[in-house]
Amino acid sequence: MGDPSVALPVGADPAARSRELRRAHAAFTADGRIEGPVRSVIATSWRRCARARVSPECAARLDLGRRDVRAYREQHPLARVLPVFRELVGSFAAHEGHLLAVCDARGSLLWVEGDTGTLTRAEGLGFVPGARWSESAMGTNAPGTAVAVGAPVQVFGPEHFSRRVHPWTCAAAPVRDPRTGRILGAVDITGGDGLAHPHSLAFVQAVARAAESQLALLDPLAPQEAGTLSALGRDEALLVADGRRVRLGRRHSEIMTLLAHRPEGLSGQELLVALYEDEAVSPVTLRAEMSRLRALLGPRVLLSRPYRTAVPLEADFTAVSRRLASGAVSAALTGYAGPLLPGSTAPGVVRLRRRIEDAARA
C-alpha cells in the first residue's frame, strides 16, 4: 500500500486531513513547530525549506522563455522517453482532470500537459514549462522534492510549503540514467484530491521505471572488460578497471573489497555497518566517502542504489575462495599472498578475512 513516509495513508478523509495540515503548516511557518499529522518526509522537507529561507508566500519564476525551453528540452535525455510518459500518463491525466509534468534534475519544468481546464489553473500558479519548481525555489512539492531526495514522494494539499499550492495534490518519482544512476529529472502527476491515494504514487513509480527501461534499450551499456582487485597481503588494494590502474587508500580498499565480495550490491545501511566499528557514524560520512571514491574512479566503475560495481570485478581473494571450495588446494595456496587487507578493522572485512584464513588452514 506504499510507504507511509512517502505515500498518503489509506482511507484518510481529504477534507479533515486538509484542515489538520493547514493548522500544522500555520504552526510551522509561525515558529517552526511540527505538530499534528505531518509525515516525516514532509516535516523534513519543511525544515529544509526553512533553512533555505523559502517563503510560504513564494511564487514560481520562469528560468527559460518559450523558445529557450523548447530548444533545451529537445536536447534533454528525457525527450527520448516522452512517448512513454504520454502513453502511460497522458490519456489518464487528461481524462481525470490531472496534469502530466516532467522536470529536469534542477526542478525546472520541461513539459506540462493534460486537461485543458486544469492547465489554465496551473498557468495561473506558474506551473508551466520553463518555471523552476525545485524545492529551494518553491518549497515542498512532488517533482522538486523527488529530485531533491532522489526518491518518489507524494504531496497532499497543505503539505506543500507554498500556500499558493495548497489546493493541489501531486505525486512524482525521479528518473535515473540507467548507465550511471544519475538523476535526469522526475515524472509527476498533478491534480486535485482525486490523487490523494497511495496508488497514485505507485503508478508514477511504475512510469519512472518504464522510462528507465526504455532508456536502457535505446542506449544499452557497452560491454566492458572485467576489472581486477588485488587485496591479499596488502593494506592498500590495487584496482585495475576501465583502463586504469589505481592504488587505493585504506577506506577505499575496504569499500571495493566489500563490493567485490557482494557483486549484487550493498545498500547504504549494509555498507555502513560493514565499514565502521562505531555504530554512531552518520550515513552522511559514507556518502561523502563514496563521492570521493567515485571522483577517483569515475562514474563508469561505481553505481549506487544499491552501491555496486558497474564492471565485472575479479578479486584475488574470491579466486582463492572459489579454488578452495572446489578442492583445488594447491592452486588456491599459490594465489594466497597473505591475509586480506591485514591492517583493516572494518567489521565486514575482518569477518571475510577470518573466513578465508580458516578455509585455507582447513
# chains A, B, ... in the order shown; residues from 1 in each chain; ligands from 1
call {"tool": "residues_around", "arguments": {"residues": "Ala50 of chain A", "least_positions_apart": "4", "cutoff": "9 Å", "atoms": "only C-alpha atoms", "output": "MDAnalysis selection string"}}
result
chainID A and resid 29 32 45:46 54:55 139
call {"tool": "write_last_selection", "arguments": {"atoms": "C-alpha atoms", "output": "mmCIF file, in the first residue's frame"}}
result
data_model
loop_
_atom_site.group_PDB
_atom_site.id
_atom_site.type_symbol
_atom_site.label_atom_id
_atom_site.label_comp_id
_atom_site.auth_asym_id
_atom_site.auth_seq_id
_atom_site.Cartn_x
_atom_site.Cartn_y
_atom_site.Cartn_z
ATOM 1 C CA THR A 29 5.620 28.799 9.428
ATOM 2 C CA GLY A 32 8.991 26.199 13.467
ATOM 3 C CA SER A 45 11.253 18.928 3.656
ATOM 4 C CA TRP A 46 9.645 21.836 5.543
ATOM 5 C CA VAL A 54 11.908 29.790 1.251
ATOM 6 C CA SER A 55 8.848 31.953 1.873
ATOM 7 C CA GLY A 139 9.317 24.730 -1.242
#
call {"tool": "select_by_dssp", "arguments": {"residues": "segment 105-172 of chain A", "states": "alpha helix (DSSP H)", "output": "list in words"}}
result
Thr116, Gly117, Thr118, Leu119, Thr120, Arg121, Ala122, Glu123, Gly124, Leu125, Glu135, Ser136, Ala137, Met138, Ala142, Pro143, Gly144, Thr145, Ala146, Val147, Ala148 and Val149 of chain A
call {"tool": "write_last_selection", "arguments": {"atoms": "C-alpha atoms", "output": "PDB file, in the first residue's frame"}}
result
ATOM      1  CA  THR A 116      -7.387  21.989 -20.604  1.00  0.00           C
ATOM      2  CA  GLY A 117      -9.155  23.470 -17.602  1.00  0.00           C
ATOM      3  CA  THR A 118      -6.512  22.206 -15.193  1.00  0.00           C
ATOM      4  CA  LEU A 119      -3.788  23.565 -17.463  1.00  0.00           C
ATOM      5  CA  THR A 120      -5.373  27.027 -17.275  1.00  0.00           C
ATOM      6  CA  ARG A 121      -5.426  26.882 -13.458  1.00  0.00           C
ATOM      7  CA  ALA A 122      -1.817  25.655 -13.443  1.00  0.00           C
ATOM      8  CA  GLU A 123      -0.701  28.535 -15.643  1.00  0.00           C
ATOM      9  CA  GLY A 124      -2.063  30.978 -13.074  1.00  0.00           C
ATOM     10  CA  LEU A 125       0.053  29.182 -10.489  1.00  0.00           C
ATOM     11  CA  GLU A 135      12.382  22.619  -3.516  1.00  0.00           C
ATOM     12  CA  SER A 136      14.783  25.501  -2.893  1.00  0.00           C
ATOM     13  CA  ALA A 137      12.656  27.770  -5.122  1.00  0.00           C
ATOM     14  CA  MET A 138       9.055  26.660  -4.471  1.00  0.00           C
ATOM     15  CA  ALA A 142       6.361  16.478  -5.503  1.00  0.00           C
ATOM     16  CA  PRO A 143       8.644  17.000  -8.529  1.00  0.00           C
ATOM     17  CA  GLY A 144      11.019  19.362  -6.713  1.00  0.00           C
ATOM     18  CA  THR A 145      11.230  17.249  -3.566  1.00  0.00           C
ATOM     19  CA  ALA A 146      11.575  13.993  -5.558  1.00  0.00           C
ATOM     20  CA  VAL A 147      14.718  15.257  -7.294  1.00  0.00           C
ATOM     21  CA  ALA A 148      15.975  16.785  -4.013  1.00  0.00           C
ATOM     22  CA  VAL A 149      15.813  13.498  -2.090  1.00  0.00           C
TER      23      VAL A 149
END
call {"tool": "closest_residue", "arguments": {"among": "A:Arg70, A:Arg86, A:Arg287, A:Arg292", "to": "Gly249 of chain A", "atoms": "only C-alpha atoms"}}
result
A:Arg292
call {"tool": "residues_around", "arguments": {"residues": "Leu313 of chain A", "least_positions_apart": "6", "cutoff": "9 Å", "atoms": "only C-alpha atoms", "output": "list in words"}}
result
Ala226, Gly227, Thr228, Leu229, Ala241, Leu259, Ala260 and Pro263 of chain A
call {"tool": "write_last_selection", "arguments": {"atoms": "C-alpha atoms", "output": "tab-separated table (two decimals), in the first residue's frame"}}
result
chain	number	residue	atom	x	y	z
A	226	ALA	CA	36.30	-7.23	-16.26
A	227	GLY	CA	38.39	-5.37	-13.70
A	228	THR	CA	40.70	-6.91	-11.13
A	229	LEU	CA	41.18	-6.19	-7.44
A	241	ALA	CA	39.38	-1.19	-14.17
A	259	LEU	CA	31.65	-4.61	-3.20
A	260	ALA	CA	33.76	-7.26	-4.95
A	263	PRO	CA	28.59	-8.09	-6.73
call {"tool": "closest_residue", "arguments": {"among": "A:Leu239, A:Val153, A:Leu293, A:Cys58", "to": "Tyr307 of chain A", "atoms": "only C-alpha atoms"}}
result
A:Leu293
call {"tool": "residues_around", "arguments": {"residues": "Ala105 of chain A", "least_positions_apart": "4", "cutoff": "7 Å", "atoms": "only C-alpha atoms", "output": "PyMOL selection string"}}
result
chain A and resi 147+183-185
call {"tool": "closest_residue", "arguments": {"among": "A:Pro56, A:Gly298, A:Pro306, A:Pro347", "to": "Glu279 of chain A", "atoms": "only C-alpha atoms"}}
result
A:Pro347
call {"tool": "select_by_dssp", "arguments": {"residues": "segment 153-313 of chain A", "states": "strand (DSSP E or B)", "output": "PyMOL selection string"}}
result
chain A and resi 153-156+169-176+183-191+227-230+232+238-241+244-247+266+302-303+307-309+313
call {"tool": "atom_distance", "arguments": {"atom1": "atom CA of Ala71 of chain A", "atom2": "atom CA of Val84 of chain A"}}
result
20.3 Å
call {"tool": "residues_around", "arguments": {"residues": "Arg234 of chain A", "least_positions_apart": "3", "cutoff": "10 Å", "atoms": "only C-alpha atoms", "output": "PyMOL selection string"}}
result
chain A and resi 230-231+237-238+250+253+337-344
call {"tool": "residues_around", "arguments": {"residues": "Val349 of chain A", "least_positions_apart": "3", "cutoff": "9 Å", "atoms": "only C-alpha atoms", "output": "PyMOL selection string"}}
result
chain A and resi 254+257-258+274-275+340-341+344-346+352-354
call {"tool": "residues_around", "arguments": {"residues": "segment 325-331 of chain A", "least_positions_apart": "5", "cutoff": "10 Å", "atoms": "only C-alpha atoms", "output": "list in words"}}
result
Ala319, Val320, Tyr336, Ala359, Ala360 and Ala362 of chain A
call {"tool": "write_last_selection", "arguments": {"atoms": "N, CA and C atoms", "output": "PDB file, in the first residue's frame"}}
result
ATOM      1  N   ALA A 319      38.940 -15.480  -5.978  1.00  0.00           N
ATOM      2  CA  ALA A 319      39.525 -16.589  -6.742  1.00  0.00           C
ATOM      3  C   ALA A 319      40.059 -17.665  -5.795  1.00  0.00           C
ATOM      4  N   VAL A 320      40.730 -17.230  -4.710  1.00  0.00           N
ATOM      5  CA  VAL A 320      41.249 -18.189  -3.727  1.00  0.00           C
ATOM      6  C   VAL A 320      40.094 -18.947  -3.075  1.00  0.00           C
ATOM      7  N   TYR A 336      47.321 -17.352  -2.713  1.00  0.00           N
ATOM      8  CA  TYR A 336      47.113 -16.715  -1.409  1.00  0.00           C
ATOM      9  C   TYR A 336      48.380 -15.967  -1.008  1.00  0.00           C
ATOM     10  N   ALA A 359      39.416 -21.230   5.993  1.00  0.00           N
ATOM     11  CA  ALA A 359      39.286 -22.178   4.872  1.00  0.00           C
ATOM     12  C   ALA A 359      40.655 -22.615   4.386  1.00  0.00           C
ATOM     13  N   ALA A 360      41.620 -21.679   4.356  1.00  0.00           N
ATOM     14  CA  ALA A 360      42.975 -22.013   3.907  1.00  0.00           C
ATOM     15  C   ALA A 360      43.639 -22.993   4.879  1.00  0.00           C
ATOM     16  N   ALA A 362      42.134 -25.122   6.894  1.00  0.00           N
ATOM     17  CA  ALA A 362      41.450 -26.415   6.806  1.00  0.00           C
ATOM     18  C   ALA A 362      41.912 -27.201   5.580  1.00  0.00           C
TER      19      ALA A 362
END
call {"tool": "closest_residue", "arguments": {"among": "A:Asp31, A:Glu314, A:Asp115, A:Glu212", "to": "Pro174 of chain A", "atoms": "only C-alpha atoms"}}
result
A:Glu212
call {"tool": "closest_residue", "arguments": {"among": "A:Val204, A:Ala216, A:Leu232, A:Met290", "to": "Phe92 of chain A", "atoms": "only C-alpha atoms"}}
result
A:Val204
call {"tool": "atom_distance", "arguments": {"atom1": "atom CA of Glu96 of chain A", "atom2": "atom CA of Glu113 of chain A"}}
result
12.6 Å
call {"tool": "closest_residue", "arguments": {"among": "A:Thr318, A:Glu35, A:Phe203, A:Glu270", "to": "Pro283 of chain A", "atoms": "only C-alpha atoms"}}
result
A:Glu270
call {"tool": "atom_distance", "arguments": {"atom1": "atom CA of Thr140 of chain A", "atom2": "atom CA of His25 of chain A"}}
result
11.5 Å
call {"tool": "closest_atom_pairs", "arguments": {"of": "segment 71-161 of chain A", "to": "segment 20-24 of chain A", "cutoff": "12 Å", "atoms": "only C-alpha atoms", "output": "CSV"}}
result
residue,atom,partner,partner_atom,distance
A:Val155,CA,A:Leu21,CA,11.4
A:Phe156,CA,A:Leu21,CA,9.2
A:Gly157,CA,A:Leu21,CA,8.2
A:Pro158,CA,A:Arg22,CA,5.5
A:Glu159,CA,A:Leu21,CA,6.6
A:His160,CA,A:Leu21,CA,9.7
A:Phe161,CA,A:Arg22,CA,10.4
